[in-house]
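Novice: Here you go, protein-v4.cif (mmCIF, C-alpha atoms):
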data_run
#
loop_
_atom_site.group_PDB
_atom_site.id
_atom_site.type_symbol
_atom_site.label_atom_id
_atom_site.label_comp_id
_atom_site.auth_asym_id
_atom_site.auth_seq_id
_atom_site.Cartn_x
_atom_site.Cartn_y
_atom_site.Cartn_z
ATOM 1 C CA MET Q 22 16.114 12.976 26.654
ATOM 2 C CA ASP Q 23 19.699 13.424 27.781
ATOM 3 C CA ILE Q 24 21.538 15.524 25.247
ATOM 4 C CA SER Q 25 24.685 17.096 26.674
ATOM 5 C CA GLU Q 26 25.353 20.813 26.330
ATOM 6 C CA GLN Q 27 28.318 20.058 24.094
ATOM 7 C CA ASP Q 28 26.188 17.856 21.848
ATOM 8 C CA LYS Q 29 23.667 20.663 21.563
ATOM 9 C CA GLU Q 30 26.459 22.991 20.388
ATOM 10 C CA ILE Q 31 27.674 20.379 17.880
ATOM 11 C CA ILE Q 32 24.119 19.884 16.583
ATOM 12 C CA LYS Q 33 23.631 23.643 16.280
ATOM 13 C CA ALA Q 34 26.825 23.915 14.224
ATOM 14 C CA LEU Q 35 25.859 20.981 12.005
ATOM 15 C CA GLN Q 36 22.348 22.221 11.290
ATOM 16 C CA GLU Q 37 23.617 25.372 9.580
ATOM 17 C CA ASP Q 38 24.535 25.260 5.913
ATOM 18 C CA PHE Q 39 27.518 22.948 5.411
ATOM 19 C CA PRO Q 40 30.608 24.962 4.374
ATOM 20 C CA LEU Q 41 31.694 24.267 0.799
ATOM 21 C CA CYS Q 42 35.427 24.388 1.437
ATOM 22 C CA GLU Q 43 38.303 21.968 1.807
ATOM 23 C CA GLU Q 44 38.008 21.410 5.558
ATOM 24 C CA PRO Q 45 34.368 22.028 6.461
ATOM 25 C CA TYR Q 46 34.394 20.073 9.738
ATOM 26 C CA LYS Q 47 37.347 22.125 10.974
ATOM 27 C CA ILE Q 48 35.264 25.299 10.575
ATOM 28 C CA LEU Q 49 32.314 23.738 12.397
ATOM 29 C CA ALA Q 50 34.595 22.443 15.167
ATOM 30 C CA GLU Q 51 36.014 25.939 15.661
ATOM 31 C CA ARG Q 52 32.493 27.279 16.173
ATOM 32 C CA VAL Q 53 31.973 24.763 18.972
ATOM 33 C CA GLY Q 54 35.452 25.372 20.351
ATOM 34 C CA ILE Q 55 36.769 21.819 20.119
ATOM 35 C CA SER Q 56 39.372 20.128 17.921
ATOM 36 C CA GLU Q 57 38.469 18.860 14.466
ATOM 37 C CA GLU Q 58 39.425 15.369 15.598
ATOM 38 C CA ASP Q 59 37.036 15.424 18.569
ATOM 39 C CA PHE Q 60 34.315 16.917 16.400
ATOM 40 C CA LEU Q 61 34.622 14.210 13.724
ATOM 41 C CA GLN Q 62 34.659 11.516 16.390
ATOM 42 C CA ARG Q 63 31.459 12.823 17.945
ATOM 43 C CA VAL Q 64 29.715 13.186 14.552
ATOM 44 C CA LYS Q 65 30.483 9.527 13.813
ATOM 45 C CA GLU Q 66 29.028 8.571 17.187
ATOM 46 C CA LEU Q 67 25.880 10.619 16.539
ATOM 47 C CA VAL Q 68 25.474 8.636 13.308
ATOM 48 C CA ASP Q 69 25.954 5.352 15.215
ATOM 49 C CA GLU Q 70 23.408 6.487 17.794
ATOM 50 C CA LYS Q 71 21.063 7.214 14.870
ATOM 51 C CA LYS Q 72 20.595 10.784 16.041
ATOM 52 C CA ILE Q 73 21.948 11.809 12.632
ATOM 53 C CA ARG Q 74 19.973 10.277 9.761
ATOM 54 C CA LYS Q 75 22.352 11.447 7.065
ATOM 55 C CA MET Q 76 25.019 13.897 6.077
ATOM 56 C CA GLY Q 77 24.117 14.992 2.620
ATOM 57 C CA ALA Q 78 22.069 17.266 0.442
ATOM 58 C CA VAL Q 79 18.475 17.716 -0.569
ATOM 59 C CA LEU Q 80 17.882 18.910 -4.107
ATOM 60 C CA ARG Q 81 15.206 21.348 -5.155
ATOM 61 C CA HIS Q 82 13.006 18.817 -6.861
ATOM 62 C CA ARG Q 83 11.312 21.256 -9.227
ATOM 63 C CA GLU Q 84 14.711 22.293 -10.566
ATOM 64 C CA VAL Q 85 15.618 18.683 -11.283
ATOM 65 C CA GLY Q 86 12.360 18.013 -13.128
ATOM 66 C CA PHE Q 87 9.883 16.783 -10.520
ATOM 67 C CA ASN Q 88 7.039 19.242 -11.024
ATOM 68 C CA ALA Q 89 4.045 17.383 -9.619
ATOM 69 C CA ASN Q 90 4.220 16.707 -5.916
ATOM 70 C CA ALA Q 91 1.318 15.405 -3.928
ATOM 71 C CA LEU Q 92 0.606 14.342 -0.408
ATOM 72 C CA CYS Q 93 -1.627 11.297 -0.628
ATOM 73 C CA ALA Q 94 -3.678 10.388 2.447
ATOM 74 C CA TRP Q 95 -4.869 6.762 2.638
ATOM 75 C CA HIS Q 96 -7.481 5.084 4.762
ATOM 76 C CA VAL Q 97 -5.928 1.741 5.604
ATOM 77 C CA PRO Q 98 -7.419 -1.014 7.786
ATOM 78 C CA PRO Q 99 -5.358 -0.741 11.021
ATOM 79 C CA GLU Q 100 -4.617 -4.483 11.066
ATOM 80 C CA ASN Q 101 -2.921 -4.207 7.639
ATOM 81 C CA LEU Q 102 -1.186 -0.908 8.243
ATOM 82 C CA ASP Q 103 2.311 -2.271 8.697
ATOM 83 C CA GLU Q 104 2.217 -4.478 5.630
ATOM 84 C CA ILE Q 105 0.683 -1.790 3.398
ATOM 85 C CA ALA Q 106 3.111 0.877 4.614
ATOM 86 C CA GLN Q 107 6.041 -1.390 3.703
ATOM 87 C CA ILE Q 108 4.682 -1.895 0.184
ATOM 88 C CA MET Q 109 4.177 1.830 -0.337
ATOM 89 C CA SER Q 110 7.617 2.656 1.080
ATOM 90 C CA SER Q 111 9.295 0.356 -1.386
ATOM 91 C CA HIS Q 112 8.042 2.443 -4.336
ATOM 92 C CA ALA Q 113 10.799 4.739 -5.636
ATOM 93 C CA ALA Q 114 8.417 7.679 -6.211
ATOM 94 C CA VAL Q 115 7.437 7.716 -2.529
ATOM 95 C CA SER Q 116 9.823 9.893 -0.509
ATOM 96 C CA HIS Q 117 7.989 9.878 2.823
ATOM 97 C CA CYS Q 118 5.602 7.360 4.308
ATOM 98 C CA TYR Q 119 4.232 7.972 7.810
ATOM 99 C CA ASP Q 120 1.525 6.372 9.859
ATOM 100 C CA ARG Q 121 -0.457 9.078 11.645
ATOM 101 C CA THR Q 122 -3.247 9.155 14.208
ATOM 102 C CA PRO Q 123 -6.378 10.273 12.337
ATOM 103 C CA ALA Q 124 -8.651 13.105 13.477
ATOM 104 C CA PRO Q 125 -12.408 13.269 13.951
ATOM 105 C CA ASN Q 126 -14.095 13.460 10.514
ATOM 106 C CA TRP Q 127 -10.758 12.681 8.901
ATOM 107 C CA ASN Q 128 -10.079 8.966 8.970
ATOM 108 C CA TYR Q 129 -6.915 8.823 6.832
ATOM 109 C CA ASN Q 130 -4.151 7.084 8.745
ATOM 110 C CA LEU Q 131 -1.298 6.636 6.241
ATOM 111 C CA TYR Q 132 0.477 9.487 4.431
ATOM 112 C CA THR Q 133 2.798 9.318 1.453
ATOM 113 C CA MET Q 134 4.636 12.079 -0.403
ATOM 114 C CA ILE Q 135 4.796 11.375 -4.106
ATOM 115 C CA HIS Q 136 7.089 13.057 -6.606
ATOM 116 C CA ALA Q 137 6.525 12.862 -10.342
ATOM 117 C CA LYS Q 138 7.241 14.755 -13.533
ATOM 118 C CA ASN Q 139 3.597 15.743 -14.005
ATOM 119 C CA ARG Q 140 0.093 15.095 -12.662
ATOM 120 C CA ASP Q 141 -0.656 12.238 -15.043
ATOM 121 C CA GLU Q 142 2.420 10.398 -13.837
ATOM 122 C CA CYS Q 143 1.539 11.209 -10.222
ATOM 123 C CA GLU Q 144 -1.946 9.742 -10.618
ATOM 124 C CA GLN Q 145 -0.539 6.715 -12.392
ATOM 125 C CA ILE Q 146 1.792 6.062 -9.438
ATOM 126 C CA ILE Q 147 -1.062 6.465 -6.957
ATOM 127 C CA GLY Q 148 -3.109 4.027 -9.072
ATOM 128 C CA GLU Q 149 -0.229 1.529 -8.900
ATOM 129 C CA LEU Q 150 -0.007 1.904 -5.113
ATOM 130 C CA SER Q 151 -3.765 1.416 -4.827
ATOM 131 C CA ASN Q 152 -3.632 -1.729 -6.977
ATOM 132 C CA LEU Q 153 -0.647 -3.130 -5.086
ATOM 133 C CA THR Q 154 -2.254 -2.641 -1.682
ATOM 134 C CA GLY Q 155 -5.985 -2.876 -2.381
ATOM 135 C CA VAL Q 156 -6.550 0.490 -0.680
ATOM 136 C CA THR Q 157 -9.197 2.405 -2.605
ATOM 137 C CA ASN Q 158 -10.134 5.099 -0.100
ATOM 138 C CA TYR Q 159 -7.591 7.880 -0.516
ATOM 139 C CA LYS Q 160 -7.286 11.597 -1.065
ATOM 140 C CA ILE Q 161 -4.731 13.275 -3.310
ATOM 141 C CA LEU Q 162 -3.632 16.653 -1.950
ATOM 142 C CA TYR Q 163 -1.690 18.467 -4.636
ATOM 143 C CA THR Q 164 0.727 21.188 -3.671
ATOM 144 C CA LYS Q 165 -0.593 24.563 -4.743
ATOM 145 C CA LYS Q 166 2.063 26.751 -3.170
ATOM 146 C CA GLU Q 167 5.101 26.177 -1.020
ATOM 147 C CA TRP Q 168 5.051 28.704 1.816
ATOM 148 C CA LYS Q 169 7.971 27.289 3.716
ATOM 149 C CA LYS Q 170 10.409 24.419 3.559
ATOM 150 C CA THR Q 171 13.403 24.552 5.853
ATOM 151 C CA GLY Q 172 15.513 22.305 7.956
ATOM 152 C CA MET Q 173 14.685 22.299 11.638
ATOM 153 C CA LYS Q 174 16.778 24.432 13.984
ATOM 154 C CA TYR Q 175 17.033 22.330 17.115
ATOM 155 C CA PHE Q 176 17.714 23.634 20.611
ATOM 156 C CA CYS Q 177 16.880 27.233 19.732
ATOM 157 C CA GLU Q 178 13.539 27.527 21.554
ATOM 158 C CA MET W 19 19.108 27.638 -16.979
ATOM 159 C CA THR W 20 21.942 25.299 -16.144
ATOM 160 C CA ILE W 21 21.797 21.955 -17.923
ATOM 161 C CA LEU W 22 23.086 19.128 -15.774
ATOM 162 C CA SER W 23 25.978 17.194 -17.289
ATOM 163 C CA THR W 24 26.667 13.531 -16.637
ATOM 164 C CA PHE W 25 29.340 14.608 -14.157
ATOM 165 C CA ASP W 26 26.881 16.924 -12.364
ATOM 166 C CA LYS W 27 24.357 14.131 -12.008
ATOM 167 C CA ALA W 28 26.963 11.738 -10.606
ATOM 168 C CA LEU W 29 28.126 14.464 -8.219
ATOM 169 C CA LEU W 30 24.595 15.275 -7.028
ATOM 170 C CA ASN W 31 23.676 11.613 -6.634
ATOM 171 C CA LEU W 32 26.744 11.107 -4.463
ATOM 172 C CA LEU W 33 26.148 14.297 -2.475
ATOM 173 C CA GLN W 34 22.539 13.316 -1.718
ATOM 174 C CA GLY W 35 23.579 9.993 -0.268
ATOM 175 C CA ASP W 36 26.353 10.848 2.088
ATOM 176 C CA ILE W 37 29.026 13.413 2.686
ATOM 177 C CA PRO W 38 32.037 11.558 4.111
ATOM 178 C CA ILE W 39 32.819 12.258 7.758
ATOM 179 C CA CYS W 40 36.542 12.963 7.490
ATOM 180 C CA SER W 41 38.924 15.876 7.360
ATOM 181 C CA HIS W 42 38.675 16.427 3.567
ATOM 182 C CA PRO W 43 35.219 15.123 2.596
ATOM 183 C CA PHE W 44 35.167 16.746 -0.837
ATOM 184 C CA ALA W 45 38.556 15.263 -1.695
ATOM 185 C CA GLU W 46 37.124 11.864 -0.780
ATOM 186 C CA MET W 47 34.077 12.494 -2.986
ATOM 187 C CA ALA W 48 36.396 13.615 -5.808
ATOM 188 C CA ARG W 49 38.363 10.397 -5.472
ATOM 189 C CA ARG W 50 35.166 8.374 -5.890
ATOM 190 C CA LEU W 51 34.213 10.434 -8.946
ATOM 191 C CA GLY W 52 37.669 10.255 -10.491
ATOM 192 C CA THR W 53 38.407 13.964 -10.262
ATOM 193 C CA ASP W 54 40.030 16.428 -7.858
ATOM 194 C CA GLU W 55 38.817 18.320 -4.815
ATOM 195 C CA GLU W 56 38.888 21.737 -6.482
ATOM 196 C CA THR W 57 36.665 20.572 -9.372
ATOM 197 C CA VAL W 58 34.102 19.157 -6.945
ATOM 198 C CA LEU W 59 34.037 22.279 -4.767
ATOM 199 C CA THR W 60 33.850 24.696 -7.690
ATOM 200 C CA ARG W 61 31.001 22.822 -9.328
ATOM 201 C CA LEU W 62 29.073 22.429 -6.080
ATOM 202 C CA ARG W 63 29.305 26.176 -5.441
ATOM 203 C CA GLU W 64 27.987 26.807 -8.964
ATOM 204 C CA LEU W 65 25.121 24.309 -8.611
ATOM 205 C CA LYS W 66 24.223 25.830 -5.258
ATOM 206 C CA ALA W 67 24.229 29.347 -6.736
ATOM 207 C CA ALA W 68 22.052 28.096 -9.611
ATOM 208 C CA GLY W 69 19.460 26.862 -7.103
ATOM 209 C CA PHE W 70 19.726 23.088 -7.489
ATOM 210 C CA LEU W 71 20.501 22.455 -3.840
ATOM 211 C CA ARG W 72 17.939 23.140 -1.196
ATOM 212 C CA ARG W 73 20.172 22.280 1.704
ATOM 213 C CA ILE W 74 23.538 20.684 2.269
ATOM 214 C CA GLY W 75 24.257 19.429 5.696
ATOM 215 C CA THR W 76 23.058 17.212 8.479
ATOM 216 C CA PHE W 77 19.658 15.616 8.761
ATOM 217 C CA PHE W 78 18.710 14.584 12.268
ATOM 218 C CA ASP W 79 16.222 12.104 13.628
ATOM 219 C CA SER W 80 13.957 14.532 15.474
ATOM 220 C CA ASN W 81 12.530 11.879 17.817
ATOM 221 C CA ARG W 82 15.988 10.845 18.962
ATOM 222 C CA LEU W 83 16.777 14.468 19.785
ATOM 223 C CA GLY W 84 13.704 14.555 22.005
ATOM 224 C CA TYR W 85 11.367 16.308 19.592
ATOM 225 C CA GLN W 86 7.899 15.244 18.551
ATOM 226 C CA GLY W 87 6.350 15.844 15.172
ATOM 227 C CA THR W 88 2.849 16.381 13.940
ATOM 228 C CA LEU W 89 1.170 17.241 10.663
ATOM 229 C CA VAL W 90 -1.497 19.921 10.945
ATOM 230 C CA ALA W 91 -4.204 20.669 8.391
ATOM 231 C CA LEU W 92 -6.088 23.953 8.495
ATOM 232 C CA LYS W 93 -9.291 24.964 6.811
ATOM 233 C CA VAL W 94 -8.684 28.643 6.138
ATOM 234 C CA ALA W 95 -10.988 31.213 4.560
ATOM 235 C CA PRO W 96 -9.484 31.931 1.108
ATOM 236 C CA SER W 97 -9.035 35.633 1.888
ATOM 237 C CA ALA W 98 -6.983 34.795 5.002
ATOM 238 C CA VAL W 99 -4.647 32.133 3.579
ATOM 239 C CA HIS W 100 -1.762 34.502 2.964
ATOM 240 C CA ALA W 101 -1.837 36.008 6.475
ATOM 241 C CA VAL W 102 -2.280 32.630 8.192
ATOM 242 C CA ALA W 103 0.512 31.040 6.139
ATOM 243 C CA GLU W 104 2.880 33.828 7.162
ATOM 244 C CA ALA W 105 1.869 33.540 10.806
ATOM 245 C CA VAL W 106 2.578 29.767 10.720
ATOM 246 C CA ASN W 107 5.926 30.409 9.038
ATOM 247 C CA ARG W 108 7.082 32.494 11.997
ATOM 248 C CA TYR W 109 7.235 29.424 14.263
ATOM 249 C CA PRO W 110 10.715 27.876 13.929
ATOM 250 C CA GLY W 111 9.237 24.390 14.509
ATOM 251 C CA ALA W 112 6.975 24.764 11.472
ATOM 252 C CA THR W 113 9.457 23.426 8.929
ATOM 253 C CA HIS W 114 7.174 22.606 5.988
ATOM 254 C CA ASN W 115 4.119 24.679 5.140
ATOM 255 C CA TYR W 116 2.139 24.066 1.955
ATOM 256 C CA GLU W 117 -1.041 25.391 0.461
ATOM 257 C CA ARG W 118 -2.933 22.434 -1.000
ATOM 258 C CA GLU W 119 -6.024 21.866 -3.052
ATOM 259 C CA GLY W 120 -9.117 20.785 -1.104
ATOM 260 C CA ALA W 121 -11.238 21.907 1.845
ATOM 261 C CA TYR W 122 -8.214 21.716 4.149
ATOM 262 C CA ASN W 123 -6.054 24.139 2.277
ATOM 263 C CA LEU W 124 -3.015 24.779 4.484
ATOM 264 C CA TRP W 125 -0.841 21.912 5.702
ATOM 265 C CA PHE W 126 2.218 22.250 7.893
ATOM 266 C CA THR W 127 4.501 20.079 9.976
ATOM 267 C CA LEU W 128 5.408 21.116 13.487
ATOM 268 C CA LEU W 129 8.344 19.917 15.576
ATOM 269 C CA THR W 130 8.353 20.779 19.265
ATOM 270 C CA PRO W 131 10.403 19.707 22.290
ATOM 271 C CA SER W 132 7.317 19.153 24.476
ATOM 272 C CA LYS W 133 3.600 18.433 24.364
ATOM 273 C CA ASP W 134 2.807 21.643 26.271
ATOM 274 C CA TYR W 135 4.725 23.755 23.800
ATOM 275 C CA GLU W 136 2.945 22.055 20.919
ATOM 276 C CA SER W 137 -0.481 22.666 22.497
ATOM 277 C CA LYS W 138 0.339 26.317 23.088
ATOM 278 C CA ILE W 139 1.381 26.887 19.460
ATOM 279 C CA LEU W 140 -1.630 25.019 18.070
ATOM 280 C CA ALA W 141 -4.012 27.053 20.261
ATOM 281 C CA GLU W 142 -2.430 30.263 18.982
ATOM 282 C CA ILE W 143 -2.786 29.158 15.365
ATOM 283 C CA ARG W 144 -6.350 27.894 15.864
ATOM 284 C CA SER W 145 -7.368 31.343 17.116
ATOM 285 C CA LEU W 146 -5.995 33.222 14.081
ATOM 286 C CA ARG W 147 -8.599 35.079 12.066
ATOM 287 C CA GLY W 148 -9.850 32.989 9.131
ATOM 288 C CA VAL W 149 -8.930 29.582 10.628
ATOM 289 C CA GLU W 150 -12.186 27.590 10.515
ATOM 290 C CA ASP W 151 -10.973 24.128 11.464
ATOM 291 C CA MET W 152 -7.801 22.304 12.442
ATOM 292 C CA LEU W 153 -6.792 18.651 12.167
ATOM 293 C CA LYS W 154 -3.868 17.384 14.188
ATOM 294 C CA LEU W 155 -2.299 14.262 12.693
ATOM 295 C CA LYS W 156 0.422 13.042 15.027
ATOM 296 C CA ALA W 157 3.210 11.001 13.444
ATOM 297 C CA ASN W 158 3.493 7.483 14.797
ATOM 298 C CA LYS W 159 5.776 5.224 12.808
ATOM 299 C CA LYS W 160 7.958 6.703 10.082
ATOM 300 C CA TYR W 161 8.276 4.014 7.457
ATOM 301 C CA LYS W 162 10.298 6.044 5.000
ATOM 302 C CA ILE W 163 12.123 9.358 4.949
ATOM 303 C CA ASN W 164 14.203 9.512 1.845
ATOM 304 C CA VAL W 165 14.269 12.704 -0.119
ATOM 305 C CA GLN W 166 16.677 11.477 -2.735
ATOM 306 C CA PHE W 167 16.181 11.858 -6.429
ATOM 307 C CA LYS W 168 18.283 9.583 -8.509
ATOM 308 C CA LEU W 169 19.400 11.655 -11.492
ATOM 309 C CA LEU W 170 19.935 9.580 -14.603
#
As structure tokens, how would this structure be written, given the file I've shared?
Specialist:
Amino acid sequence: MDISEQDKEIIKALQEDFPLCEEPYKILAERVGISEEDFLQRVKELVDEKKIRKMGAVLRHREVGFNANALCAWHVPPENLDEIAQIMSSHAAVSHCYDRTPAPNWNYNLYTMIHAKNRDECEQIIGELSNLTGVTNYKILYTKKEWKKTGMKYFCE
Amino acid sequence: MTILSTFDKALLNLLQGDIPICSHPFAEMARRLGTDEETVLTRLRELKAAGFLRRIGTFFDSNRLGYQGTLVALKVAPSAVHAVAEAVNRYPGATHNYEREGAYNLWFTLLTPSKDYESKILAEIRSLRGVEDMLKLKANKKYKINVQFKLL
């Protein structure tokens, strides 16, 4: 992977909390030691290159009323994986949908994060997904405690 | 407890989607919301202080930055969960770490810049006292990553 040293500095500046002030990019550009104009130009390119997925915010979902959050692991026939993953992804309550290589004694190969107001609603959504896809072998893994949730700090190893 | 107004919800919905990439991004957001820059900034600072915002900033595609991701499930003796969870938390690449119901009771995601580095970390975690089993569930295709909550 060819990421230039300057890009690494730009990424390191961007991955910190975004300044809530009138000219936030100017502050970030100063940290890298380049002009605001060059910084903005490079950020736009990183978006075009799809290295940046989005500039935005993530809310604390419990504070905005989503109290039941579950990881649901599904055992999907490999030949239907793509089709089933697309159906699950199109559901608004699903925030993440990843295909993963299973492990010995653990044959679940599709993973969805589901956010709902409460457990009843969560189970109702999972029931809908099961009906829509015909997948009946799944495991609901409710969150008991959040030990950590942070953004990644890249290039700091 | 802060109650979200209609304006707050519109502001948060816009903020979740995209912060404009321009010299005065909050002025641009204000224009779209029919208000001024100062109102947007003041309210965002208040909502942040009140704990509504987990993170504001840039979300990268880890694969395109040369990183690989895996989900790891641990079966941990109940008495050791606290200590193991804290040990996992100390790795910067462990970005999400949740205690969950079930036999595999600690689940975390790990981002690393190389396979060797990943193996080294997983071996260290596997050898922690109280860790009885470990599942490594490598991410293949990411069909959806969209942590947006439409506030109505």
Novice: Let me make sure I understand: among W:Lys27, W:Lys66, W:Lys93, W:Lys162, which one has the smallest atom-to-atom distance to chain Q if we use all atoms listed in the file?
Specialist: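 Of W:Lys27, W:Lys66, W:Lys93, W:Lys162, the one nearest chain Q, counting all atoms listed in the file, is W:Lys162.
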Novice: Given the file shown, enumerate the residues that the PyMOL selection byres ((chain Q and resi 156) around 12) captures and present them as a PyMOL selection string.
Specialist: chain Q and resi 93-99+101-102+104-106+108-109+129-131+147-155+157-160
Novice: Could those residues be written to a file, using C-alpha atoms, as a PDB file, in the frame of the given file?
Specialist:
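Okay, again20.pdb is ready:
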ATOM      1  CA  CYS Q  93      -1.627  11.297  -0.628  1.00  0.00           C
ATOM      2  CA  ALA Q  94      -3.678  10.388   2.447  1.00  0.00           C
ATOM      3  CA  TRP Q  95      -4.869   6.762   2.638  1.00  0.00           C
ATOM      4  CA  HIS Q  96      -7.481   5.084   4.762  1.00  0.00           C
ATOM      5  CA  VAL Q  97      -5.928   1.741   5.604  1.00  0.00           C
ATOM      6  CA  PRO Q  98      -7.419  -1.014   7.786  1.00  0.00           C
ATOM      7  CA  PRO Q  99      -5.358  -0.741  11.021  1.00  0.00           C
ATOM      8  CA  ASN Q 101      -2.921  -4.207   7.639  1.00  0.00           C
ATOM      9  CA  LEU Q 102      -1.186  -0.908   8.243  1.00  0.00           C
ATOM     10  CA  GLU Q 104       2.217  -4.478   5.630  1.00  0.00           C
ATOM     11  CA  ILE Q 105       0.683  -1.790   3.398  1.00  0.00           C
ATOM     12  CA  ALA Q 106       3.111   0.877   4.614  1.00  0.00           C
ATOM     13  CA  ILE Q 108       4.682  -1.895   0.184  1.00  0.00           C
ATOM     14  CA  MET Q 109       4.177   1.830  -0.337  1.00  0.00           C
ATOM     15  CA  TYR Q 129      -6.915   8.823   6.832  1.00  0.00           C
ATOM     16  CA  ASN Q 130      -4.151   7.084   8.745  1.00  0.00           C
ATOM     17  CA  LEU Q 131      -1.298   6.636   6.241  1.00  0.00           C
ATOM     18  CA  ILE Q 147      -1.062   6.465  -6.957  1.00  0.00           C
ATOM     19  CA  GLY Q 148      -3.109   4.027  -9.072  1.00  0.00           C
ATOM     20  CA  GLU Q 149      -0.229   1.529  -8.900  1.00  0.00           C
ATOM     21  CA  LEU Q 150      -0.007   1.904  -5.113  1.00  0.00           C
ATOM     22  CA  SER Q 151      -3.765   1.416  -4.827  1.00  0.00           C
ATOM     23  CA  ASN Q 152      -3.632  -1.729  -6.977  1.00  0.00           C
ATOM     24  CA  LEU Q 153      -0.647  -3.130  -5.086  1.00  0.00           C
ATOM     25  CA  THR Q 154      -2.254  -2.641  -1.682  1.00  0.00           C
ATOM     26  CA  GLY Q 155      -5.985  -2.876  -2.381  1.00  0.00           C
ATOM     27  CA  THR Q 157      -9.197   2.405  -2.605  1.00  0.00           C
ATOM     28  CA  ASN Q 158     -10.134   5.099  -0.100  1.00  0.00           C
ATOM     29  CA  TYR Q 159      -7.591   7.880  -0.516  1.00  0.00           C
ATOM     30  CA  LYS Q 160      -7.286  11.597  -1.065  1.00  0.00           C
TER      31      LYS Q 160
END
Novice: Taking the file above as input, evaluate the PyMOL selection byres ((chain W and resi 70) around 7) and report the hits as a VMD selection string.
Specialist: (chain Q and resid 80 to 81 84) or (chain W and resid 65 to 66 68 to 69 71 to 72)
Novice: Find the distance between CA of Gln34 (chain W) and CA of Met47 (chain W) and write it in Å to one decimal.
Specialist: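 Those two atoms sit 11.6 Å apart.
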Novice: Go through W:Glu56, W:Glu46, W:Glu64, W:Glu117 one by one, measure the shortest atom-to-atom distance of each to Val99 (chain W) using all atoms listed in the file, and give the residue with the smallest value.
Specialist: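 Closest candidate: W:Glu117.
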Novice: To one decimal place, how far is CA of Leu22 (chain W) from CA of Asn139 (chain Q) in Å?
Specialist: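 Between these atoms lies a distance of 19.9 Å.
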Novice: Could you state which residues are captured by the PyMOL selection byres ((chain W and resi 141-144) around 12) in this file, as a ChimeraX atom specification?
Specialist: /W:90-94,101-109,112,124,126,128,134-140,145-154
Novice: What gap, in Å, lies between CA of Tyr163 (chain Q) and CA of His82 (chain Q)?
Specialist: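 Spanning CA of Tyr163 (chain Q) to CA of His82 (chain Q) is a straight-line distance of 14.9 Å.
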Novice: Pick the closest to chain W from Q:Asn128, Q:Asp59, Q:Gly172, Q:Lys29: which is it, counting all atoms listed in the file?
Specialist: Q:Gly172
Novice: From the options W:Arg61, W:Ser97, W:Thr53, W:Thr127, which residue's atoms come nearest to Ser23 (chain W), counting all atoms listed in the file?
Specialist: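 For Ser23 (chain W), the nearest of the given residues is W:Arg61.
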